[in-house]
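These notes are about the structure you will find just below.
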Amino acid sequence: MNPIISHIIPVEAIVDFIYGPLIWLSFVIFAAGLIVQTWRYKMMTKINDNPPLIPKKEIPKSETGSRWERFFYKLAFFRLSVMGFNPLLVTISLVFHLCLLITPLFLLAHNIMLENVFGFSLPSFLPGTSHLLTGIVLACGFFFMLRRIIIRRVRAITTFYDYLILGLALAPFLTGFLAHQNAFDCYDTLILLHILSCEILLIMIPFSKFFHMIFFFFGRFLIINEYSLGAPKRSWQF
Amino acid sequence: MSDNKNNNGKIDTRTIQSILKENKKQIKLGLTMCAHCSLCAESCFLYMSRDLDPEYMPSYKFLHSIGKLYKKKGKVSAGQLEKMRDLVFCNCVLCTRCYCPFGIDIPSLITLGRRVCRSQGLFREYDKA
């Protein structure tokens, strides 16, 4: 680096900060943010003693009839669900979110660091499996991006922020994979970008659209509505 | 859709802002949690029967009415509000059948959009339609 620039900008200090305190800071903000935001949203809900009337499902459940009749009833209901209308999107979304969660958790390199720092670690995937899962995450992300560009109805509600969010979610996977492959012969830069992108992601999760990782369970398991799962008892009290 | 002339083209921004302030939490929640996934589209019978026009998609209707009003802090022109009126009154019948994978209450947000429009004398005049 140009010595004049390095004199003005304390590059080494910034790099040290990214490699050191910012990692811990991002984990603390992530954990505390999740707790505080979950509590905040929970405080916006209240147990509802007079639950709203939920319309019954359109497809009647056949209690009688043969096994085949019952099967076709279920099939017809499935066809009318979101999975029936968008099987490709729902499948890719499920695979994407699953891989997004498990890949970093069970990555060998992450678990070695965990072992070194805390003395315990999670089981790890073989490197080949991790590569495959990373590839799946990136391919799914590319699918989501293309979808935003090509499909008219998605384009109509897409903003720059959606691309930013998608880019931020994929950045740790892309940089991590490239660093592992020592792409462009610049491992140091790539691993720095990998760590920085993870830190930004962790800090952003509780305070941005990424919070849907928790909110999803609020909307489906805590709040009484037609599409809720389980036996929720609460309603929003804004 | 014939234009309402009740508001004489003047927008009372303060009234709009007070409605937005009163319902800030609900609007903010809807805007933050909408992932712009468009999975709500097929649940709207109007979307399905209007040649899959995105302007009938539930998320489009709330994002471009109450969502836009919130982002612009209520400062919209008469023309913009008339477009929102068409979205919330003509493109939606509030049948409450829309589906959101995150459980966002889209009908209540569209209802808020209607409330803002009504406060400015903009609504659907069925006898003139």
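Following the order of the structure tokens, first chain is A, next is B, and so on, with residues numbered from 1 inside each chain and ligands from 1 in the order they appear.
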
> What residues in chain B lie within 7 Å of chain A, counting only C-alpha atoms, written as a PyMOL selection string?
Replying inline: chain B and resi 25-26+32-33+35-38+54+60+102-103

>> With DSSP run on the backbone, what are the strand (DSSP E or B) residues within range 34-228 of chain A? I'd like them as a ChimeraX atom specification.
In response: /A:45-47,223

> In Å to one decimal, how far is CA of Leu170 in chain A from CA of Ile92 in chain A?
Replying inline: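 Between CA of Ile92 in chain A and CA of Leu170 in chain A the gap is 14.9 Å.
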
>> If we count only C-alpha atoms and set the cut-off at 12 Å, which residues sit around range 117-127 of chain B, ignoring sequence neighbours fewer than 4 positions away in its own chain? Please answer as a ChimeraX atom specification.
In response: /B:1-20,65-66,69,74,76-93,110-113

Export, as a tab-separated table (two decimals), in the first residue's frame, the selected residues with N, CA and C atoms.
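Output below, filename result.tsv:
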```tsv
chain	number	residue	atom	x	y	z
B	1	MET	N	-62.53	4.46	-13.39
B	1	MET	CA	-62.88	5.02	-12.07
B	1	MET	C	-62.93	6.55	-12.16
B	2	SER	N	-64.07	7.08	-11.77
B	2	SER	CA	-64.16	8.54	-11.83
B	2	SER	C	-63.44	9.15	-10.63
B	3	ASP	N	-62.86	10.32	-10.85
B	3	ASP	CA	-62.11	10.96	-9.77
B	3	ASP	C	-63.06	11.61	-8.78
B	4	ASN	N	-62.76	11.44	-7.51
B	4	ASN	CA	-63.51	12.18	-6.49
B	4	ASN	C	-63.00	13.62	-6.54
B	5	LYS	N	-63.88	14.54	-6.37
B	5	LYS	CA	-63.43	15.95	-6.35
B	5	LYS	C	-63.59	16.53	-4.95
B	6	ASN	N	-63.94	15.65	-4.00
B	6	ASN	CA	-64.23	16.12	-2.65
B	6	ASN	C	-63.07	16.87	-2.01
B	7	ASN	N	-61.84	16.48	-2.37
B	7	ASN	CA	-60.70	17.09	-1.69
B	7	ASN	C	-60.17	18.30	-2.45
B	8	ASN	N	-60.76	18.65	-3.57
B	8	ASN	CA	-60.35	19.78	-4.39
B	8	ASN	C	-58.86	19.78	-4.69
B	9	GLY	N	-58.28	18.61	-4.74
B	9	GLY	CA	-56.86	18.50	-5.08
B	9	GLY	C	-55.93	18.88	-3.95
B	10	LYS	N	-56.47	19.23	-2.79
B	10	LYS	CA	-55.60	19.62	-1.67
B	10	LYS	C	-55.42	18.44	-0.74
B	11	ILE	N	-54.19	18.30	-0.25
B	11	ILE	CA	-53.89	17.18	0.64
B	11	ILE	C	-53.61	17.73	2.03
B	12	ASP	N	-54.31	17.18	3.01
B	12	ASP	CA	-54.08	17.57	4.40
B	12	ASP	C	-53.02	16.63	4.98
B	13	THR	N	-51.77	17.03	4.82
B	13	THR	CA	-50.65	16.18	5.23
B	13	THR	C	-50.69	15.86	6.72
B	14	ARG	N	-51.13	16.83	7.51
B	14	ARG	CA	-51.16	16.62	8.98
B	14	ARG	C	-52.06	15.46	9.37
B	15	THR	N	-53.23	15.41	8.75
B	15	THR	CA	-54.17	14.32	9.07
B	15	THR	C	-53.55	12.98	8.68
B	16	ILE	N	-52.93	12.96	7.50
B	16	ILE	CA	-52.28	11.71	7.06
B	16	ILE	C	-51.20	11.31	8.05
B	17	GLN	N	-50.39	12.30	8.44
B	17	GLN	CA	-49.30	11.99	9.38
B	17	GLN	C	-49.82	11.49	10.71
B	18	SER	N	-50.95	12.02	11.16
B	18	SER	CA	-51.47	11.56	12.46
B	18	SER	C	-51.96	10.10	12.34
B	19	ILE	N	-52.54	9.74	11.19
B	19	ILE	CA	-52.97	8.34	11.00
B	19	ILE	C	-51.73	7.44	10.96
B	20	LEU	N	-50.69	7.91	10.25
B	20	LEU	CA	-49.46	7.11	10.15
B	20	LEU	C	-48.81	6.94	11.52
B	65	SER	N	-49.30	1.65	-1.30
B	65	SER	CA	-50.29	2.58	-0.73
B	65	SER	C	-49.78	3.04	0.64
B	66	ILE	N	-50.11	2.28	1.67
B	66	ILE	CA	-49.70	2.71	3.02
B	66	ILE	C	-48.18	2.68	3.18
B	69	LEU	N	-46.85	5.82	1.58
B	69	LEU	CA	-47.22	6.96	2.44
B	69	LEU	C	-46.31	7.05	3.65
B	74	GLY	N	-46.10	10.85	4.63
B	74	GLY	CA	-47.41	11.46	4.36
B	74	GLY	C	-47.37	12.56	3.32
B	76	VAL	N	-47.46	13.40	0.04
B	76	VAL	CA	-47.74	12.92	-1.32
B	76	VAL	C	-48.62	13.93	-2.04
B	77	SER	N	-48.55	13.86	-3.36
B	77	SER	CA	-49.37	14.78	-4.16
B	77	SER	C	-50.78	14.21	-4.30
B	78	ALA	N	-51.68	15.05	-4.78
B	78	ALA	CA	-53.07	14.60	-4.98
B	78	ALA	C	-53.11	13.47	-6.00
B	79	GLY	N	-52.29	13.60	-7.04
B	79	GLY	CA	-52.24	12.56	-8.09
B	79	GLY	C	-51.78	11.22	-7.53
B	80	GLN	N	-50.75	11.27	-6.70
B	80	GLN	CA	-50.22	10.03	-6.08
B	80	GLN	C	-51.27	9.38	-5.19
B	81	LEU	N	-51.99	10.24	-4.44
B	81	LEU	CA	-53.01	9.70	-3.53
B	81	LEU	C	-54.18	9.10	-4.32
B	82	GLU	N	-54.47	9.69	-5.46
B	82	GLU	CA	-55.55	9.13	-6.29
B	82	GLU	C	-55.16	7.75	-6.82
B	83	LYS	N	-53.88	7.61	-7.17
B	83	LYS	CA	-53.40	6.29	-7.61
B	83	LYS	C	-53.53	5.28	-6.48
B	84	MET	N	-53.20	5.74	-5.26
B	84	MET	CA	-53.32	4.84	-4.10
B	84	MET	C	-54.77	4.48	-3.85
B	85	ARG	N	-55.66	5.46	-4.04
B	85	ARG	CA	-57.09	5.20	-3.89
B	85	ARG	C	-57.52	4.06	-4.82
B	86	ASP	N	-57.06	4.15	-6.07
B	86	ASP	CA	-57.42	3.10	-7.03
B	86	ASP	C	-56.89	1.74	-6.57
B	87	LEU	N	-55.68	1.74	-6.01
B	87	LEU	CA	-55.09	0.48	-5.55
B	87	LEU	C	-55.88	-0.15	-4.42
B	88	VAL	N	-56.22	0.68	-3.42
B	88	VAL	CA	-56.83	0.11	-2.21
B	88	VAL	C	-58.35	-0.07	-2.30
B	89	PHE	N	-58.97	0.69	-3.19
B	89	PHE	CA	-60.42	0.55	-3.33
B	89	PHE	C	-60.83	-0.29	-4.54
B	90	CYS	N	-60.11	-0.11	-5.66
B	90	CYS	CA	-60.53	-0.80	-6.89
B	90	CYS	C	-59.81	-2.14	-7.08
B	91	ASN	N	-58.55	-2.20	-6.69
B	91	ASN	CA	-57.79	-3.44	-6.91
B	91	ASN	C	-57.94	-4.44	-5.77
B	92	CYS	N	-58.68	-4.05	-4.73
B	92	CYS	CA	-58.85	-4.94	-3.58
B	92	CYS	C	-60.29	-4.85	-3.09
B	93	VAL	N	-60.87	-6.01	-2.79
B	93	VAL	CA	-62.24	-6.01	-2.26
B	93	VAL	C	-62.25	-6.38	-0.77
B	110	ILE	N	-54.05	-2.67	4.09
B	110	ILE	CA	-54.80	-2.05	2.99
B	110	ILE	C	-55.95	-1.21	3.56
B	111	THR	N	-56.53	-1.70	4.66
B	111	THR	CA	-57.59	-0.93	5.33
B	111	THR	C	-57.06	0.43	5.80
B	112	LEU	N	-55.82	0.43	6.30
B	112	LEU	CA	-55.20	1.70	6.72
B	112	LEU	C	-55.04	2.63	5.52
B	113	GLY	N	-54.66	2.06	4.39
B	113	GLY	CA	-54.53	2.84	3.15
B	113	GLY	C	-55.88	3.47	2.79
```

>> Need the shell around range 173-181 of chain A: protein/DNA/RNA residues with any atom at most 7 Å away, counting only C-alpha atoms. Skip same-chain ones fewer than 5 positions apart. Format as a ChimeraX atom specification?
In response: /A:134,187,190-191,193-194

Include all heavy atoms and write out the residues we just selected as an mmCIF file, in the first residue's frame.
```cif
data_model
loop_
_atom_site.group_PDB
_atom_site.id
_atom_site.type_symbol
_atom_site.label_atom_id
_atom_site.label_comp_id
_atom_site.auth_asym_id
_atom_site.auth_seq_id
_atom_site.Cartn_x
_atom_site.Cartn_y
_atom_site.Cartn_z
ATOM 1 N N THR A 134 -22.160 -25.080 -0.019
ATOM 2 C CA THR A 134 -21.877 -23.676 -0.378
ATOM 3 C C THR A 134 -22.322 -23.417 -1.811
ATOM 4 O O THR A 134 -22.928 -22.376 -2.106
ATOM 5 C CB THR A 134 -20.365 -23.380 -0.233
ATOM 6 O OG1 THR A 134 -19.974 -23.751 1.075
ATOM 7 C CG2 THR A 134 -20.057 -21.920 -0.459
ATOM 8 N N TYR A 187 -5.384 -14.838 -0.735
ATOM 9 C CA TYR A 187 -6.092 -15.448 0.386
ATOM 10 C C TYR A 187 -6.363 -14.420 1.489
ATOM 11 O O TYR A 187 -7.479 -14.341 2.021
ATOM 12 C CB TYR A 187 -5.270 -16.616 0.941
ATOM 13 C CG TYR A 187 -5.863 -17.220 2.187
ATOM 14 C CD1 TYR A 187 -6.880 -18.165 2.104
ATOM 15 C CD2 TYR A 187 -5.418 -16.829 3.456
ATOM 16 C CE1 TYR A 187 -7.441 -18.714 3.253
ATOM 17 C CE2 TYR A 187 -5.968 -17.362 4.598
ATOM 18 C CZ TYR A 187 -6.977 -18.304 4.503
ATOM 19 O OH TYR A 187 -7.534 -18.837 5.627
ATOM 20 N N LEU A 190 -9.223 -12.083 0.717
ATOM 21 C CA LEU A 190 -10.504 -12.796 0.664
ATOM 22 C C LEU A 190 -10.982 -13.210 2.050
ATOM 23 O O LEU A 190 -12.167 -13.095 2.371
ATOM 24 C CB LEU A 190 -10.388 -14.024 -0.247
ATOM 25 C CG LEU A 190 -10.349 -13.713 -1.750
ATOM 26 C CD1 LEU A 190 -9.927 -14.936 -2.536
ATOM 27 C CD2 LEU A 190 -11.694 -13.201 -2.235
ATOM 28 N N ILE A 191 -10.050 -13.662 2.883
ATOM 29 C CA ILE A 191 -10.461 -14.099 4.230
ATOM 30 C C ILE A 191 -10.861 -12.882 5.074
ATOM 31 O O ILE A 191 -11.784 -12.964 5.896
ATOM 32 C CB ILE A 191 -9.367 -14.967 4.917
ATOM 33 C CG1 ILE A 191 -10.016 -15.913 5.939
ATOM 34 C CG2 ILE A 191 -8.295 -14.151 5.599
ATOM 35 C CD1 ILE A 191 -10.803 -17.037 5.357
ATOM 36 N N LEU A 193 -12.266 -10.179 3.773
ATOM 37 C CA LEU A 193 -13.607 -9.851 3.272
ATOM 38 C C LEU A 193 -14.645 -10.837 3.818
ATOM 39 O O LEU A 193 -15.782 -10.459 4.124
ATOM 40 C CB LEU A 193 -13.631 -9.873 1.736
ATOM 41 C CG LEU A 193 -12.943 -8.720 1.030
ATOM 42 C CD1 LEU A 193 -12.901 -8.954 -0.473
ATOM 43 C CD2 LEU A 193 -13.643 -7.398 1.335
ATOM 44 N N HIS A 194 -14.236 -12.105 3.934
ATOM 45 C CA HIS A 194 -15.134 -13.126 4.474
ATOM 46 C C HIS A 194 -15.527 -12.787 5.910
ATOM 47 O O HIS A 194 -16.718 -12.780 6.260
ATOM 48 C CB HIS A 194 -14.426 -14.486 4.412
ATOM 49 C CG HIS A 194 -15.199 -15.604 5.047
ATOM 50 N ND1 HIS A 194 -16.390 -16.063 4.540
ATOM 51 C CD2 HIS A 194 -14.947 -16.345 6.161
ATOM 52 C CE1 HIS A 194 -16.834 -17.041 5.309
ATOM 53 N NE2 HIS A 194 -15.992 -17.229 6.302
#
```
